[in-house]
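Working notes, structure below.
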Amino acid sequence: MTGAQNERAALVETLAKVGPDAPTLCEGWTTRDLLAHLVVRERRPDTGPGILIPAFAGHTEKVRVQATSKDWDEQLALLASGPPVFSPFKLVDRFANLAEMFVHHEDVLRGGADPDGPWTPRALTPELEAELRTPAKSMGKMTLKKVPARVTLRTPDGEDLVTAGSGEEVVVTGRIGELVLFAFGRSPVDVTFTGDDSAISGVRASSRGL
């Protein structure tokens, strides 16, 4: 199985365990809202533009809200089955869905946690960490370019994955999964910061993600 498939299965298991009314890191969303988003994303191609283009966001949100009224267990089964044959994600599941499933799984696992508090992440397999290197680099390049500092994402063994942004130098150090979550603007994450205090404060307060 690919990392995306493993994370999908783990996410479905976690969602089934916590139920439809648990908190998530997605502001204003319960697990029911998050599940609706995931199912609609893969099964309603007409909603795709609204994820990135504000002019179409109203339609996407309308379809997602409608999906929240559907049976929880049926929606879980749809997510577990993966992209249908007509979905644009079918052929690119291992690439397009790895970060999606991983980040949203963590959204559920960390839902309700203090965003400013410490967090002990789950242990990831070496295989999953290796696969997450690509989204850490690609998303970091996209989401960090507007932060008020020049940020480098660095692993504990000293590997620099990506550098983006402009200004004072700030190094964010953490394991691959935590760096992915940081690049997506999630909190809490288990990372450390090195650099000027004011620059670090600006980075921590910055809006990241798509």
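Every chain in the structure tokens has a letter given in the order shown (A, B, ...), and although residue numbers restart at 1 in each chain, ligands are simply numbered from 1 in the order shown.
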
Practice problem: Write down as a VMD selection string the residues belonging to range 21-170 of chain A that are assigned strand (DSSP E) by DSSP computed on the backbone. | Solution: chain A and resid 150 to 154 160 to 165 169 to 170

Exercise. Report as an NGL selection string: the residues of range 16-163 of chain A with a DSSP assignment of alpha helix (DSSP H), based on the backbone of this structure.
Key: :A and (16-18 or 31-43 or 49-52 or 57-67 or 72-81 or 93-96 or 98-109 or 126-143)

Quiz item: Of the candidates A:Gly111, A:Val203, A:Arg175, A:Pro126, which shows the shortest atom-to-atom distance to Val151 in chain A, using only C-alpha atoms?
Solution: A:Val203

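Nearest residue to Thr134 in chain A among A:Val162, A:Leu15, A:Val92, A:Ile200 is A:Val162, counting only C-alpha atoms.
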
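Once Arg208 in chain A and its same-chain neighbours fewer than 5 positions away are set aside, Thr143, Leu144, Ala183, Phe184 and Gly185 of chain A remain within 7 Å of it when counting only C-alpha atoms.
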
Please save N, CA and C atoms of the selected residues as a PDB file, in the first residue's frame.
ATOM      1  N   THR A 143       3.766  27.949   0.582  1.00  0.00           N
ATOM      2  CA  THR A 143       3.091  28.606   1.703  1.00  0.00           C
ATOM      3  C   THR A 143       3.992  29.532   2.511  1.00  0.00           C
ATOM      4  N   LEU A 144       5.298  29.382   2.372  1.00  0.00           N
ATOM      5  CA  LEU A 144       6.207  30.200   3.167  1.00  0.00           C
ATOM      6  C   LEU A 144       6.726  31.416   2.415  1.00  0.00           C
ATOM      7  N   ALA A 183       4.035  23.825   7.493  1.00  0.00           N
ATOM      8  CA  ALA A 183       3.868  24.466   6.185  1.00  0.00           C
ATOM      9  C   ALA A 183       2.394  24.680   5.848  1.00  0.00           C
ATOM     10  N   PHE A 184       1.539  23.797   6.330  1.00  0.00           N
ATOM     11  CA  PHE A 184       0.102  23.926   6.105  1.00  0.00           C
ATOM     12  C   PHE A 184      -0.565  24.853   7.123  1.00  0.00           C
ATOM     13  N   GLY A 185       0.211  25.430   8.019  1.00  0.00           N
ATOM     14  CA  GLY A 185      -0.340  26.378   8.979  1.00  0.00           C
ATOM     15  C   GLY A 185      -1.013  25.762  10.181  1.00  0.00           C
TER      16      GLY A 185
END

Exercise. Can you pull out every residue within 12 Å of Trp29 in chain A, counting only C-alpha atoms, but drop anything in the same chain fewer than 6 positions away, and send it as a PyMOL selection string?
Key: chain A and resi 20-23+35-37+64-65+68+104+107-108+111-112

Practice problem: List the neighbours of Val40 in chain A out to 12 Å using only C-alpha atoms; skip same-chain residues closer than 4 positions along the sequence, and give me the result as an NGL selection string. | Solution: :A and (33-36 or 44-48 or 50-51 or 59-68 or 70 or 75-76 or 78-79 or 82-84 or 87 or 89)

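The closest residue to Arg8 in chain A, picked from A:Ser166, A:Ser81, A:Ser69, A:Ser206 and counting only C-alpha atoms, is A:Ser81.
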
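Coordinates place CA of Leu25 in chain A at a distance of 10.1 Å from CA of Asp114 in chain A.
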
Exercise. Find, counting only C-alpha atoms, the residue in A:Ala123, A:Val189, A:Leu98, A:Leu179 that gets nearest to Leu11 in chain A.
Key: A:Leu98

Exercise. Tell me which protein, DNA and RNA residues are within 10 Å of Ala16 in chain A, counting only C-alpha atoms, leaving out same-chain ones fewer than 2 positions away, and put them as a list in words.
Key: Ala10, Leu11, Val12, Glu13, Thr14, Val18, Gly19, Pro20, Thr31, Trp72, Asp73 and Leu76 of chain A

Could you write those residues out with all heavy atoms, as a compact mmCIF listing (two decimals), in the first residue's frame?
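Result file out01.txt:
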# COMPACT_ATOMS: atom_id res chain seq x y z
N ALA A 10 -5.98 4.89 8.11
CA ALA A 10 -5.80 5.34 9.49
C ALA A 10 -6.77 6.47 9.82
O ALA A 10 -7.33 6.52 10.93
CB ALA A 10 -4.36 5.80 9.70
N LEU A 11 -7.00 7.38 8.87
CA LEU A 11 -7.94 8.47 9.09
C LEU A 11 -9.36 7.94 9.27
O LEU A 11 -10.09 8.39 10.17
CB LEU A 11 -7.88 9.44 7.90
CG LEU A 11 -8.95 10.53 7.84
CD1 LEU A 11 -8.95 11.38 9.10
CD2 LEU A 11 -8.74 11.40 6.60
N VAL A 12 -9.75 7.00 8.43
CA VAL A 12 -11.09 6.41 8.55
C VAL A 12 -11.25 5.74 9.91
O VAL A 12 -12.27 5.89 10.58
CB VAL A 12 -11.35 5.40 7.41
CG1 VAL A 12 -12.62 4.60 7.67
CG2 VAL A 12 -11.46 6.14 6.08
N GLU A 13 -10.23 5.03 10.35
CA GLU A 13 -10.28 4.36 11.66
C GLU A 13 -10.43 5.38 12.79
O GLU A 13 -11.23 5.19 13.72
CB GLU A 13 -9.02 3.53 11.87
CG GLU A 13 -9.00 2.76 13.18
CD GLU A 13 -7.73 1.92 13.35
OE1 GLU A 13 -6.93 1.84 12.40
OE2 GLU A 13 -7.56 1.34 14.44
N THR A 14 -9.68 6.48 12.70
CA THR A 14 -9.75 7.50 13.73
C THR A 14 -11.11 8.19 13.72
O THR A 14 -11.70 8.44 14.78
CB THR A 14 -8.63 8.54 13.54
OG1 THR A 14 -7.36 7.89 13.67
CG2 THR A 14 -8.72 9.64 14.59
N VAL A 18 -13.75 8.47 16.92
CA VAL A 18 -14.12 9.70 17.62
C VAL A 18 -15.55 10.15 17.31
O VAL A 18 -16.14 10.92 18.07
CB VAL A 18 -13.14 10.85 17.29
CG1 VAL A 18 -11.72 10.45 17.65
CG2 VAL A 18 -13.22 11.27 15.82
N GLY A 19 -16.12 9.69 16.19
CA GLY A 19 -17.49 10.05 15.86
C GLY A 19 -17.61 11.37 15.11
O GLY A 19 -16.62 12.05 14.87
N PRO A 20 -18.85 11.75 14.76
CA PRO A 20 -19.07 12.89 13.87
C PRO A 20 -19.00 14.27 14.52
O PRO A 20 -19.03 15.28 13.81
CB PRO A 20 -20.48 12.63 13.34
CG PRO A 20 -21.16 11.87 14.44
CD PRO A 20 -20.10 10.99 15.03
N THR A 31 -15.66 16.88 12.96
CA THR A 31 -15.27 15.76 12.11
C THR A 31 -16.31 15.49 11.01
O THR A 31 -15.97 15.04 9.92
CB THR A 31 -15.06 14.49 12.95
OG1 THR A 31 -16.11 14.38 13.94
CG2 THR A 31 -13.72 14.53 13.66
N TRP A 72 -23.48 9.28 8.36
CA TRP A 72 -22.08 9.27 8.76
C TRP A 72 -21.36 8.00 8.31
O TRP A 72 -20.28 8.05 7.71
CB TRP A 72 -21.98 9.44 10.27
CG TRP A 72 -20.64 9.22 10.89
CD1 TRP A 72 -20.22 8.13 11.58
CD2 TRP A 72 -19.52 10.14 10.89
NE1 TRP A 72 -18.92 8.31 12.02
CE2 TRP A 72 -18.48 9.53 11.61
CE3 TRP A 72 -19.33 11.41 10.36
CZ2 TRP A 72 -17.25 10.14 11.81
CZ3 TRP A 72 -18.09 12.03 10.55
CH2 TRP A 72 -17.07 11.40 11.27
N ASP A 73 -21.95 6.85 8.59
CA ASP A 73 -21.29 5.59 8.25
C ASP A 73 -21.17 5.41 6.74
O ASP A 73 -20.17 4.87 6.25
CB ASP A 73 -22.05 4.41 8.86
CG ASP A 73 -21.92 4.36 10.38
OD1 ASP A 73 -20.88 4.82 10.90
OD2 ASP A 73 -22.85 3.88 11.04
N LEU A 76 -18.31 7.56 5.64
CA LEU A 76 -17.05 6.92 6.00
C LEU A 76 -16.68 5.82 5.01
O LEU A 76 -15.51 5.69 4.61
CB LEU A 76 -17.14 6.32 7.41
CG LEU A 76 -16.78 7.20 8.60
CD1 LEU A 76 -16.92 6.41 9.89
CD2 LEU A 76 -15.38 7.78 8.47

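Computed from the coordinates, the CA of Gly28 in chain A to CA of His105 in chain A distance equals 16.4 Å.
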
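Among the candidates A:Pro118, A:Gly58, A:Gly140, A:Pro188, the residue lying nearest to Thr163 in chain A is A:Gly140 (atoms considered: only C-alpha atoms).
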
Exercise. Could you jot down the CA of Thr152 in chain A to CA of Gly177 in chain A separation for me, Å, one decimal place?
Key: 15.2 Å

Env of Glu169 in chain A: 12 Å cut, atoms = only C-alpha atoms, seq-sep filter 3 positions within chain, self excluded. Answer as a tab-separated table (two decimals) with C-alpha atoms, in the first residue's frame.
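The result, stored in selection-v4.tsv:
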chain	number	residue	atom	x	y	z
A	147	VAL	CA	5.94	34.96	5.59
A	148	PRO	CA	7.85	37.93	7.08
A	149	ALA	CA	11.21	36.13	7.18
A	150	ARG	CA	13.43	33.86	5.14
A	151	VAL	CA	12.43	30.46	6.52
A	152	THR	CA	14.28	27.18	6.20
A	153	LEU	CA	12.60	23.89	7.06
A	163	THR	CA	14.00	27.80	2.04
A	164	ALA	CA	11.42	30.44	1.16
A	165	GLY	CA	10.35	33.96	2.04
A	166	SER	CA	12.45	37.07	2.57
A	172	VAL	CA	12.24	25.72	11.73
A	193	PHE	CA	12.68	27.92	15.98
A	194	THR	CA	16.12	29.46	15.59
A	195	GLY	CA	16.65	33.11	14.68
A	196	ASP	CA	15.84	36.64	15.73
A	197	ASP	CA	13.03	36.72	18.32
A	198	SER	CA	10.93	39.28	16.44
A	199	ALA	CA	11.31	37.37	13.18
A	200	ILE	CA	10.30	34.15	14.89
A	202	GLY	CA	6.29	37.06	12.90
A	203	VAL	CA	6.66	33.59	11.41

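Of the listed residues A:Ile176, A:Met142, A:Ala80, A:Ile53, the one whose atoms come nearest to Thr155 in chain A is A:Ile176, with distances taken using only C-alpha atoms.
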